[in-house]
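Trainee: So here's data-v7.tsv, just TSV, C-alpha atoms and all ligand atoms:
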```tsv
chain	number	residue	atom	x	y	z
A	526	MET	CA	22.99	23.46	-18.96
A	527	ARG	CA	26.04	21.78	-17.43
A	528	ALA	CA	27.09	18.56	-19.24
A	529	LEU	CA	26.77	15.30	-17.31
A	530	PRO	CA	30.00	13.43	-16.45
A	531	GLY	CA	31.04	11.06	-19.27
A	532	PRO	CA	30.43	7.76	-17.40
A	533	VAL	CA	26.96	8.94	-16.33
A	534	ALA	CA	26.04	10.04	-19.86
A	535	ASN	CA	27.28	6.67	-21.18
A	536	GLU	CA	25.25	4.82	-18.58
A	537	LEU	CA	22.10	6.66	-19.67
A	538	LEU	CA	22.71	5.54	-23.24
A	539	ARG	CA	23.36	1.98	-22.09
A	540	LEU	CA	20.17	1.88	-19.99
A	541	ARG	CA	18.12	3.13	-22.90
A	542	SER	CA	19.51	0.60	-25.34
A	543	ALA	CA	19.02	-2.22	-22.81
A	544	GLY	CA	15.32	-1.19	-22.55
A	545	LEU	CA	13.74	0.44	-19.49
A	546	ALA	CA	10.78	-0.56	-17.32
A	547	GLU	CA	8.12	1.92	-16.17
A	548	ARG	CA	5.73	1.36	-13.25
A	549	HIS	CA	3.77	4.58	-12.76
A	550	LEU	CA	1.98	6.08	-15.70
A	551	HIS	CA	-1.65	6.90	-16.33
A	552	LEU	CA	-3.38	6.16	-19.62
A	553	GLU	CA	-5.24	9.46	-19.91
A	554	GLY	CA	-2.12	11.39	-18.92
A	555	ALA	CA	-0.23	9.91	-21.87
A	556	ILE	CA	-2.33	11.86	-24.38
A	557	ARG	CA	-0.26	13.72	-26.99
A	558	PRO	CA	-0.97	17.46	-27.30
A	559	ALA	CA	-2.00	16.93	-30.96
A	560	THR	CA	-4.57	14.34	-29.88
A	561	ALA	CA	-5.95	16.64	-27.17
A	562	VAL	CA	-6.32	19.41	-29.76
A	563	ALA	CA	-8.03	17.06	-32.27
A	564	LEU	CA	-10.48	15.69	-29.69
A	565	ALA	CA	-11.26	19.16	-28.34
A	566	ALA	CA	-11.97	20.50	-31.85
A	567	ARG	CA	-15.22	18.47	-31.87
A	568	TRP	CA	-16.74	20.98	-29.45
A	569	PRO	CA	-17.92	24.51	-30.27
A	570	SER	CA	-15.75	26.25	-27.67
A	571	SER	CA	-12.54	24.27	-27.97
A	572	LEU	CA	-10.74	23.83	-24.68
A	573	PHE	CA	-7.41	23.44	-26.46
A	574	PRO	CA	-7.55	25.41	-29.74
A	575	ASP	CA	-3.93	24.50	-30.53
A	576	GLY	CA	-0.85	22.77	-29.15
A	577	ALA	CA	0.36	26.00	-27.56
A	578	ALA	CA	-2.91	26.34	-25.61
A	579	PHE	CA	-2.56	22.78	-24.34
A	580	ARG	CA	1.08	23.27	-23.38
A	581	ALA	CA	0.21	26.51	-21.58
A	582	ARG	CA	-2.10	24.50	-19.32
A	583	ARG	CA	0.92	22.42	-18.23
A	584	ARG	CA	2.00	25.22	-15.89
A	585	PHE	CA	0.16	24.44	-12.70
A	586	GLU	CA	-0.47	26.76	-9.77
A	587	ASP	CA	-0.75	23.75	-7.50
A	588	PHE	CA	-1.98	20.16	-7.36
A	589	ARG	CA	-5.61	21.21	-7.86
A	590	GLY	CA	-4.59	22.88	-11.12
A	591	PHE	CA	-3.13	19.57	-12.23
A	592	LEU	CA	-6.25	17.64	-11.25
A	593	THR	CA	-8.38	20.15	-13.19
A	594	LEU	CA	-6.32	19.62	-16.36
A	595	TYR	CA	-6.54	15.87	-15.82
A	596	ARG	CA	-10.32	16.12	-15.52
A	597	ASP	CA	-10.53	18.29	-18.67
A	598	VAL	CA	-8.50	15.71	-20.63
A	599	CYS	CA	-10.77	12.88	-19.41
A	600	ARG	CA	-13.82	14.85	-20.55
A	601	LEU	CA	-12.49	14.84	-24.11
A	602	LEU	CA	-12.92	11.07	-24.26
A	603	ARG	CA	-16.38	10.30	-25.60
A	604	SER	CA	-16.18	6.79	-27.02
A	605	PRO	CA	-14.19	3.56	-26.87
A	606	ALA	CA	-12.50	4.74	-30.10
A	607	ASP	CA	-11.27	7.87	-28.27
A	608	TYR	CA	-9.79	5.67	-25.56
A	609	ALA	CA	-8.13	3.54	-28.25
A	610	ARG	CA	-6.63	6.68	-29.75
A	611	VAL	CA	-5.06	7.71	-26.43
A	612	ALA	CA	-3.88	4.11	-25.94
A	613	ARG	CA	-2.09	4.36	-29.32
A	614	ASP	CA	-0.44	7.59	-28.14
A	615	LEU	CA	0.76	5.61	-25.16
A	616	THR	CA	2.04	2.55	-27.02
A	617	GLY	CA	3.72	4.75	-29.65
A	618	ARG	CA	5.58	6.48	-26.87
A	619	LEU	CA	6.59	3.16	-25.26
A	620	ARG	CA	8.02	1.99	-28.59
A	621	ARG	CA	9.85	5.25	-29.31
A	622	GLU	CA	11.39	5.30	-25.84
A	623	ARG	CA	12.25	1.56	-25.88
A	624	ILE	CA	10.26	0.91	-22.72
A	625	VAL	CA	10.15	-2.87	-22.77
A	626	ASP	CA	7.95	-3.41	-19.73
A	627	ALA	CA	5.23	-1.00	-18.61
A	628	GLU	CA	2.42	-1.12	-16.08
A	629	VAL	CA	-0.27	1.43	-16.87
A	630	TYR	CA	-3.05	2.80	-14.65
A	631	VAL	CA	-6.48	2.59	-16.25
A	632	SER	CA	-9.54	4.02	-14.48
A	633	PRO	CA	-12.86	2.19	-14.90
A	634	ALA	CA	-14.36	4.70	-12.46
A	635	VAL	CA	-13.53	7.56	-14.83
A	636	VAL	CA	-14.87	5.59	-17.82
A	637	GLU	CA	-18.24	5.17	-16.11
A	638	ARG	CA	-18.31	8.81	-14.94
A	639	ILE	CA	-17.93	9.84	-18.58
A	640	GLY	CA	-20.97	7.67	-19.32
A	641	LEU	CA	-19.21	4.92	-21.27
A	642	ASP	CA	-19.56	1.18	-20.91
A	643	TRP	CA	-16.53	-0.30	-19.16
A	644	VAL	CA	-16.47	-3.54	-21.15
A	645	ASP	CA	-16.58	-1.68	-24.48
A	646	VAL	CA	-13.68	0.52	-23.41
A	647	ARG	CA	-11.74	-2.39	-21.97
A	648	ASP	CA	-12.10	-4.31	-25.26
A	649	ALA	CA	-10.93	-1.29	-27.26
A	650	LEU	CA	-7.88	-0.90	-25.00
A	651	GLU	CA	-7.13	-4.60	-25.06
A	652	ALA	CA	-6.99	-4.58	-28.88
A	653	VAL	CA	-4.37	-1.78	-28.84
A	654	PHE	CA	-2.32	-3.28	-26.00
A	655	ALA	CA	-2.35	-6.78	-27.53
A	656	ALA	CA	-1.22	-5.37	-30.90
A	657	HIS	CA	1.62	-3.53	-29.15
A	658	GLU	CA	2.85	-6.76	-27.56
A	659	ARG	CA	2.39	-8.76	-30.77
A	660	ARG	CA	4.57	-6.30	-32.66
A	661	GLY	CA	7.36	-6.77	-30.13
A	662	GLY	CA	6.67	-3.56	-28.21
A	663	GLY	CA	7.27	-5.34	-24.90
A	664	ARG	CA	5.16	-6.29	-21.92
A	665	LEU	CA	2.22	-4.02	-21.12
A	666	ALA	CA	0.23	-4.79	-17.97
A	667	VAL	CA	-2.70	-2.87	-16.52
A	668	LEU	CA	-3.23	-1.44	-13.04
A	669	LEU	CA	-6.89	-0.76	-12.36
A	670	ASP	CA	-7.47	2.32	-10.26
A	671	SER	CA	-10.11	4.40	-8.60
A	672	VAL	CA	-10.22	8.04	-7.56
A	673	ARG	CA	-9.56	8.58	-3.87
A	674	GLN	CA	-12.04	11.45	-3.40
A	675	TRP	CA	-14.86	9.32	-4.85
A	676	GLY	CA	-14.62	7.11	-1.79
A	677	PRO	CA	-14.71	3.37	-1.12
A	678	GLU	CA	-17.99	2.78	-3.00
A	679	ALA	CA	-16.43	3.84	-6.31
A	680	ALA	CA	-13.42	1.62	-5.54
A	681	HIS	CA	-15.66	-1.37	-4.75
A	682	ARG	CA	-17.45	-0.75	-8.02
A	683	VAL	CA	-14.13	-1.04	-9.92
A	684	LEU	CA	-13.51	-4.40	-8.27
A	685	ASP	CA	-17.10	-5.50	-8.96
A	686	LEU	CA	-16.56	-4.73	-12.63
A	687	HIS	CA	-13.31	-6.70	-12.66
A	688	GLU	CA	-14.94	-9.62	-10.86
A	689	ARG	CA	-17.77	-9.73	-13.36
A	690	HIS	CA	-15.60	-9.07	-16.42
A	691	PRO	CA	-12.07	-10.19	-15.53
A	692	TRP	CA	-9.28	-8.63	-17.54
A	693	SER	CA	-6.28	-10.94	-17.57
A	694	ARG	CA	-3.99	-8.00	-18.34
A	695	ALA	CA	-4.81	-6.40	-14.95
A	696	VAL	CA	-2.23	-7.20	-12.27
A	697	GLY	CA	-2.77	-4.49	-9.63
A	698	PHE	CA	-5.21	-2.04	-8.11
A	699	GLY	CA	-4.49	1.48	-6.86
A	700	LEU	CA	-5.95	4.82	-5.85
A	701	GLY	CA	-5.11	8.19	-7.42
A	702	GLY	CA	-6.58	11.67	-7.09
A	703	ASP	CA	-6.68	13.79	-3.94
A	704	GLU	CA	-4.93	11.75	-1.24
A	705	ALA	CA	-5.98	14.14	1.53
A	706	ALA	CA	-9.71	13.73	0.73
A	707	VAL	CA	-10.35	10.30	2.29
A	708	PRO	CA	-8.10	8.40	4.73
A	709	ALA	CA	-6.51	5.14	3.61
A	710	SER	CA	-8.30	3.27	6.41
A	711	ALA	CA	-11.63	3.90	4.65
A	712	PHE	CA	-10.44	1.56	1.87
A	713	ARG	CA	-9.38	-1.34	4.09
A	714	GLU	CA	-12.29	-3.56	2.99
A	715	VAL	CA	-11.69	-2.73	-0.66
A	716	TYR	CA	-8.07	-3.89	-0.39
A	717	ARG	CA	-9.09	-7.06	1.43
A	718	ARG	CA	-10.72	-8.20	-1.81
A	719	LEU	CA	-7.53	-7.89	-3.87
A	720	PRO	CA	-5.78	-11.22	-3.17
A	721	ARG	CA	-8.77	-13.21	-4.36
A	722	LEU	CA	-8.93	-11.10	-7.52
A	723	GLY	CA	-5.22	-11.57	-8.21
A	724	LEU	CA	-4.53	-7.84	-7.98
A	725	ALA	CA	-1.52	-6.45	-6.12
A	726	PRO	CA	-2.19	-3.57	-3.70
A	727	LEU	CA	-0.87	-0.17	-4.83
A	728	VAL	CA	-1.70	3.39	-3.76
A	729	HIS	CA	-0.79	7.02	-4.44
A	730	ALA	CA	0.43	8.51	-1.16
A	731	GLY	CA	3.05	10.91	0.16
A	732	GLU	CA	2.80	13.14	-2.89
A	733	TRP	CA	0.71	15.96	-1.45
A	734	ALA	CA	-0.01	14.78	2.04
A	735	GLY	CA	2.86	14.28	4.46
A	736	PRO	CA	4.58	11.18	5.87
A	737	GLU	CA	1.54	10.31	7.97
A	738	SER	CA	-0.34	9.60	4.73
A	739	VAL	CA	2.34	7.05	3.75
A	740	ALA	CA	2.28	5.46	7.23
A	741	GLN	CA	-1.52	5.20	7.15
A	742	ALA	CA	-1.40	3.61	3.70
A	743	LEU	CA	1.15	1.04	4.93
A	744	ASP	CA	-0.92	0.28	8.04
A	745	ALA	CA	-4.28	-0.07	6.31
A	746	LEU	CA	-3.53	-1.21	2.76
A	747	ARG	CA	-0.14	-3.01	2.79
A	748	PRO	CA	0.83	-1.75	-0.67
A	749	VAL	CA	3.68	-3.47	-2.51
A	750	ARG	CA	4.35	-0.21	-4.33
A	751	ILE	CA	3.52	3.39	-3.49
A	752	ALA	CA	3.08	5.95	-6.27
A	753	HIS	CA	5.33	8.90	-5.27
A	754	GLY	CA	5.75	8.36	-1.50
A	755	ILE	CA	8.42	11.07	-1.46
A	756	ARG	CA	7.13	12.88	1.64
A	757	ALA	CA	8.15	9.78	3.62
A	758	ALA	CA	11.64	11.28	3.50
A	759	GLU	CA	10.56	13.69	6.25
A	760	ASP	CA	10.31	10.85	8.79
A	761	PRO	CA	13.50	8.79	9.29
A	762	ALA	CA	11.66	5.97	11.09
A	763	LEU	CA	9.22	5.70	8.20
A	764	VAL	CA	12.09	5.60	5.71
A	765	ARG	CA	13.61	2.70	7.67
A	766	ARG	CA	10.22	0.96	7.65
A	767	LEU	CA	9.91	1.30	3.87
A	768	ALA	CA	13.44	-0.06	3.40
A	769	ARG	CA	12.72	-2.99	5.74
A	770	LEU	CA	9.43	-3.86	4.02
A	771	GLY	CA	10.95	-3.53	0.55
A	772	THR	CA	8.06	-1.33	-0.56
A	773	PHE	CA	8.81	0.24	-3.92
A	774	LEU	CA	8.36	4.00	-4.36
A	775	ASP	CA	7.43	4.84	-7.96
A	776	VAL	CA	8.85	8.36	-8.07
A	777	CYS	CA	8.20	10.92	-10.84
A	778	LEU	CA	10.61	13.86	-10.82
A	779	ALA	CA	9.11	16.05	-13.57
A	780	SER	CA	5.62	15.53	-12.14
A	781	ASN	CA	6.74	16.54	-8.65
A	782	ALA	CA	8.43	19.65	-10.03
A	783	ALA	CA	5.45	20.66	-12.20
A	784	THR	CA	2.76	20.23	-9.55
A	785	GLY	CA	4.85	21.77	-6.78
A	786	ALA	CA	4.82	18.53	-4.73
A	787	VAL	CA	8.45	19.46	-4.00
A	788	ALA	CA	9.01	23.14	-3.29
A	789	ASP	CA	12.54	23.09	-4.69
A	790	PRO	CA	13.12	20.38	-7.34
A	791	SER	CA	16.90	20.77	-6.96
A	792	ARG	CA	16.50	19.41	-3.42
A	793	HIS	CA	14.24	16.48	-4.29
A	794	PRO	CA	14.63	13.74	-1.63
A	795	VAL	CA	14.94	10.88	-4.13
A	796	ARG	CA	18.68	10.31	-3.58
A	797	ARG	CA	18.30	10.34	0.20
A	798	LEU	CA	15.59	7.67	-0.08
A	799	LEU	CA	17.84	5.56	-2.29
A	800	ALA	CA	20.79	5.95	0.03
A	801	ALA	CA	18.60	4.76	2.92
A	802	GLY	CA	17.90	1.52	1.06
A	803	VAL	CA	14.39	2.31	-0.23
A	804	ARG	CA	13.59	0.60	-3.53
A	805	VAL	CA	12.98	3.67	-5.72
A	806	THR	CA	11.86	3.38	-9.34
A	807	LEU	CA	11.45	6.26	-11.82
A	808	SER	CA	8.42	6.97	-14.03
A	809	THR	CA	6.80	9.77	-16.01
A	810	ASP	CA	3.35	9.66	-14.28
A	811	ASP	CA	1.55	11.64	-17.03
A	812	PRO	CA	4.03	12.17	-19.88
A	813	GLY	CA	1.53	14.10	-22.02
A	814	LEU	CA	0.72	16.53	-19.23
A	815	PHE	CA	4.24	16.98	-17.90
A	816	GLY	CA	6.08	16.87	-21.23
A	817	THR	CA	8.63	14.36	-19.95
A	818	THR	CA	10.17	11.07	-21.09
A	819	LEU	CA	11.38	8.12	-19.05
A	820	LEU	CA	14.99	8.72	-20.04
A	821	GLY	CA	14.38	12.37	-19.12
A	822	GLU	CA	13.50	11.20	-15.60
A	823	TYR	CA	16.82	9.32	-15.37
A	824	ARG	CA	18.57	12.42	-16.68
A	825	ARG	CA	16.92	14.52	-13.97
A	826	LEU	CA	18.20	12.06	-11.38
A	827	ALA	CA	21.69	12.37	-12.86
A	828	ARG	CA	21.41	16.17	-12.66
A	829	LEU	CA	20.63	15.81	-8.96
A	830	GLY	CA	24.11	14.29	-8.71
A	831	ALA	CA	23.34	10.57	-9.01
A	832	GLY	CA	26.22	8.40	-10.20
A	833	VAL	CA	26.30	5.29	-12.37
A	834	GLY	CA	25.54	2.98	-9.40
A	835	GLU	CA	22.38	4.86	-8.45
A	836	LEU	CA	21.10	4.94	-12.03
A	837	ARG	CA	21.68	1.19	-12.32
A	838	ALA	CA	20.02	0.52	-8.98
A	839	VAL	CA	16.88	2.43	-10.00
A	840	ALA	CA	16.66	0.58	-13.32
A	841	ALA	CA	17.09	-2.74	-11.47
A	842	HIS	CA	14.36	-1.82	-8.95
A	843	ALA	CA	12.02	-0.98	-11.82
A	844	ARG	CA	12.57	-4.42	-13.35
A	845	ALA	CA	12.16	-6.16	-9.99
A	846	ALA	CA	8.92	-4.28	-9.29
A	847	ALA	CA	7.00	-6.08	-12.06
A	848	LEU	CA	3.79	-7.62	-10.80
A	849	VAL	CA	2.57	-11.07	-11.63
A	850	GLY	CA	-1.19	-11.44	-12.00
A	851	GLY	CA	-3.40	-14.31	-10.92
A	852	PRO	CA	-5.28	-15.30	-7.75
A	853	SER	CA	-3.47	-15.55	-4.40
A	854	ARG	CA	-0.15	-14.38	-5.76
A	855	HIS	CA	-0.13	-11.33	-3.57
A	856	GLY	CA	0.00	-11.06	0.21
A	857	SER	CA	-3.30	-10.39	1.92
A	858	ALA	CA	-4.14	-6.82	2.89
A	859	GLY	CA	-3.87	-6.54	6.65
A	860	GLY	CA	-1.69	-9.66	6.61
A	861	SER	CA	1.90	-10.25	7.59
A	862	GLY	CA	3.21	-6.83	6.64
A	863	ARG	CA	5.80	-8.26	4.27
A	864	ALA	CA	5.79	-6.95	0.75
A	865	ALA	CA	3.59	-9.11	-1.42
A	866	ARG	CA	5.32	-11.15	-4.07
A	867	THR	CA	6.54	-9.42	-7.13
A	868	ARG	CA	8.36	-10.86	-10.07
A	869	SER	CA	12.09	-10.35	-9.70
B	901	LIG	N1	-1.40	11.75	-8.31
B	901	LIG	C1	-2.71	11.85	-8.09
B	901	LIG	N2	-3.61	11.70	-9.04
B	901	LIG	C2	-3.18	11.44	-10.28
B	901	LIG	C3	-1.85	11.32	-10.56
B	901	LIG	C4	-0.92	11.47	-9.54
B	901	LIG	O1	0.29	11.30	-9.72
B	901	LIG	N3	-1.74	11.07	-11.89
B	901	LIG	C5	-3.00	11.02	-12.37
B	901	LIG	N4	-3.89	11.25	-11.39
B	902	ZN	ZN	0.23	9.05	-10.62
```
Kindly present the structure from the file in structure tokens form.
Ligand code: HPA
Ligand code: ZN

Mentor:
Amino acid sequence: MRALPGPVANELLRLRSAGLAERHLHLEGAIRPATAVALAARWPSSLFPDGAAFRARRRFEDFRGFLTLYRDVCRLLRSPADYARVARDLTGRLRRERIVDAEVYVSPAVVERIGLDWVDVRDALEAVFAAHERRGGGRLAVLLDSVRQWGPEAAHRVLDLHERHPWSRAVGFGLGGDEAAVPASAFREVYRRLPRLGLAPLVHAGEWAGPESVAQALDALRPVRIAHGIRAAEDPALVRRLARLGTFLDVCLASNAATGAVADPSRHPVRRLLAAGVRVTLSTDDPGLFGTTLLGEYRRLARLGAGVGELRAVAAHARAAALVGGPSRHGSAGGSGRAARTRS
């Protein structure tokens, strides 16, 4: 592989030693292959007999293939202790990669689907996350999420749980899963509840569905950050709107390449979005499932031709995108249309 220009390679080293921020990663997707193999071994017909079998599943035909692997990983988790184990995979990775500020998606809807008690799992996760911070691992905040194809009822249920059992570590709420399954407008009432709960509005959009999915999310949900959002690049007016609003796009290059969200990864639109003034950040999405690192994401951007200025801008956006929890900190859904307040 062609070497990166010296100043760019030096900048990557500098960014890593300064400590990076990550805004788009999912707890279950941070599982290490060895953990997946160990958890699967408890069942008679092991889904992942060894690391090679797990890694072989990382080659996806399409997005559905990815969602199937994601579901299979979630099904391995049978107790709060299993969740704690995956959380330790995650915090170990944050420490190794010097990620000093991370916001992590956690899915109460998945926890309940598995048949576990949300509060038990939350307490198990909190113990691991608090220990990580205590040991100087950096800030770790939580983004609660629901699964788009499970509809608004499942999303309301997540907020009900948070209302009844508030988790001070939670600073945002988002939707993942199949973005084409249910339109953003169906979740309008869900997102109206967020300001009172002190959760910033986030959403996965523009990963699989086209620019109209991003526009609908902006119209109905007023997200401060969009997970992926890359298909917005197909609509110049929408790109200008994102730049004007200051909406962050939490882009994941290895994920997009692996799932086929971009047909040709060498022509990923990330640099065009940046050049148009969109506040792009970089993340791993599901590092255990895509076999990527956060620095690896920056390296991919450099291989797309990004220079020192672009790498610095992305790292600065990622820091500025940090959310602050607490009631009424965030703009109301359906409100002024300005990006809700973030810490900068
Ligand atoms: N998109 C949709 N669903 C997901 C993702 C994603 O990036 N990661 C985990 N579930
Ligand atoms: Zn994601």

Trainee: If I take atom CA of Phe698 of chain A and atom CA of Phe815 of chain A, how far is one from the other in Å, to one decimal?

Mentor: 23.4 Å

Trainee: In Å, rounded to a single decimal, give me how far atom C5 of ligand LIG 901 (chain B) is from atom CA of Arg837 of chain A.

Mentor: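 Pair atom CA of Arg837 of chain A / atom C5 of ligand LIG 901 (chain B) returns 26.6 Å.
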
Trainee: Using all atoms listed in the file, find each protein or nucleic acid residue lying at most 8 Å from ligand ZN 902 (chain B); present the set as a list of chain:residue names.

Mentor: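 My answer, listing the contacting residues, is A:His549, A:Leu550, A:His551, A:Gly701, A:His729, A:Ala752, A:His753, A:Asp810, A:Asp811.
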
Trainee: Please produce an output containing C-alpha atoms for each residue in the selection, written as a PDB file, in the frame of the given file.

Mentor:
```
ATOM      1  CA  HIS A 549       3.770   4.580 -12.760  1.00  0.00           C
ATOM      2  CA  LEU A 550       1.980   6.080 -15.700  1.00  0.00           C
ATOM      3  CA  HIS A 551      -1.650   6.900 -16.330  1.00  0.00           C
ATOM      4  CA  GLY A 701      -5.110   8.190  -7.420  1.00  0.00           C
ATOM      5  CA  HIS A 729      -0.790   7.020  -4.440  1.00  0.00           C
ATOM      6  CA  ALA A 752       3.080   5.950  -6.270  1.00  0.00           C
ATOM      7  CA  HIS A 753       5.330   8.900  -5.270  1.00  0.00           C
ATOM      8  CA  ASP A 810       3.350   9.660 -14.280  1.00  0.00           C
ATOM      9  CA  ASP A 811       1.550  11.640 -17.030  1.00  0.00           C
TER      10      ASP A 811
END
```

Trainee: Compile the contact shell of Leu619 of chain A as a list of chain:residue names: residues with an atom at most 10 Å away, counting only C-alpha atoms, same-chain residues fewer than 2 positions apart removed.

Mentor: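 So, after excluding close chain neighbours, the residues are A:Leu545, A:Ala546, A:Glu547, A:Arg613, A:Asp614, A:Leu615, A:Thr616, A:Gly617, A:Arg621, A:Glu622, A:Arg623, A:Ile624, A:Val625, A:Asp626, A:Ala627, A:His657, A:Gly662, A:Gly663, A:Leu665, A:Thr818, A:Leu819.
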
Trainee: Name the closest residue to ligand LIG 901 (chain B) among the candidates A:Asp703, A:Asp648, A:Glu628, A:Glu835; distances are taken between atoms, counting only C-alpha atoms and all ligand atoms.

Mentor: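 Among the listed residues, the smallest separation from ligand LIG 901 (chain B) belongs to A:Asp703.
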
Trainee: Name the residues in contact with Val644 of chain A at a cut-off of 10 Å, using only C-alpha atoms, excluding same-chain residues fewer than 2 positions from it; report them as a list in words.

Mentor: Pro605, Pro633, Val636, Leu641, Asp642, Val646, Arg647, Asp648, Ala649, Leu650, Leu686, His687, His690, Pro691 and Trp692 of chain A

Trainee: Just want the residues within 10 Å of ligand LIG 901 (chain B), written as a ChimeraX atom specification, counting all atoms listed in the file.

Mentor: /A:549-555,588-589,591-592,595-596,630-632,670-673,700-704,728-733,752-753,775-777,780-781,784,786,809-812,814

Trainee: Give the answer as one residue: which of A:Ala841, A:Val715, A:Ala528, A:Val611 has the shortest atom-to-atom distance to Asp685 of chain A, using only C-alpha atoms?

Mentor: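 That would be A:Val715, the residue with the smallest distance to Asp685 of chain A.
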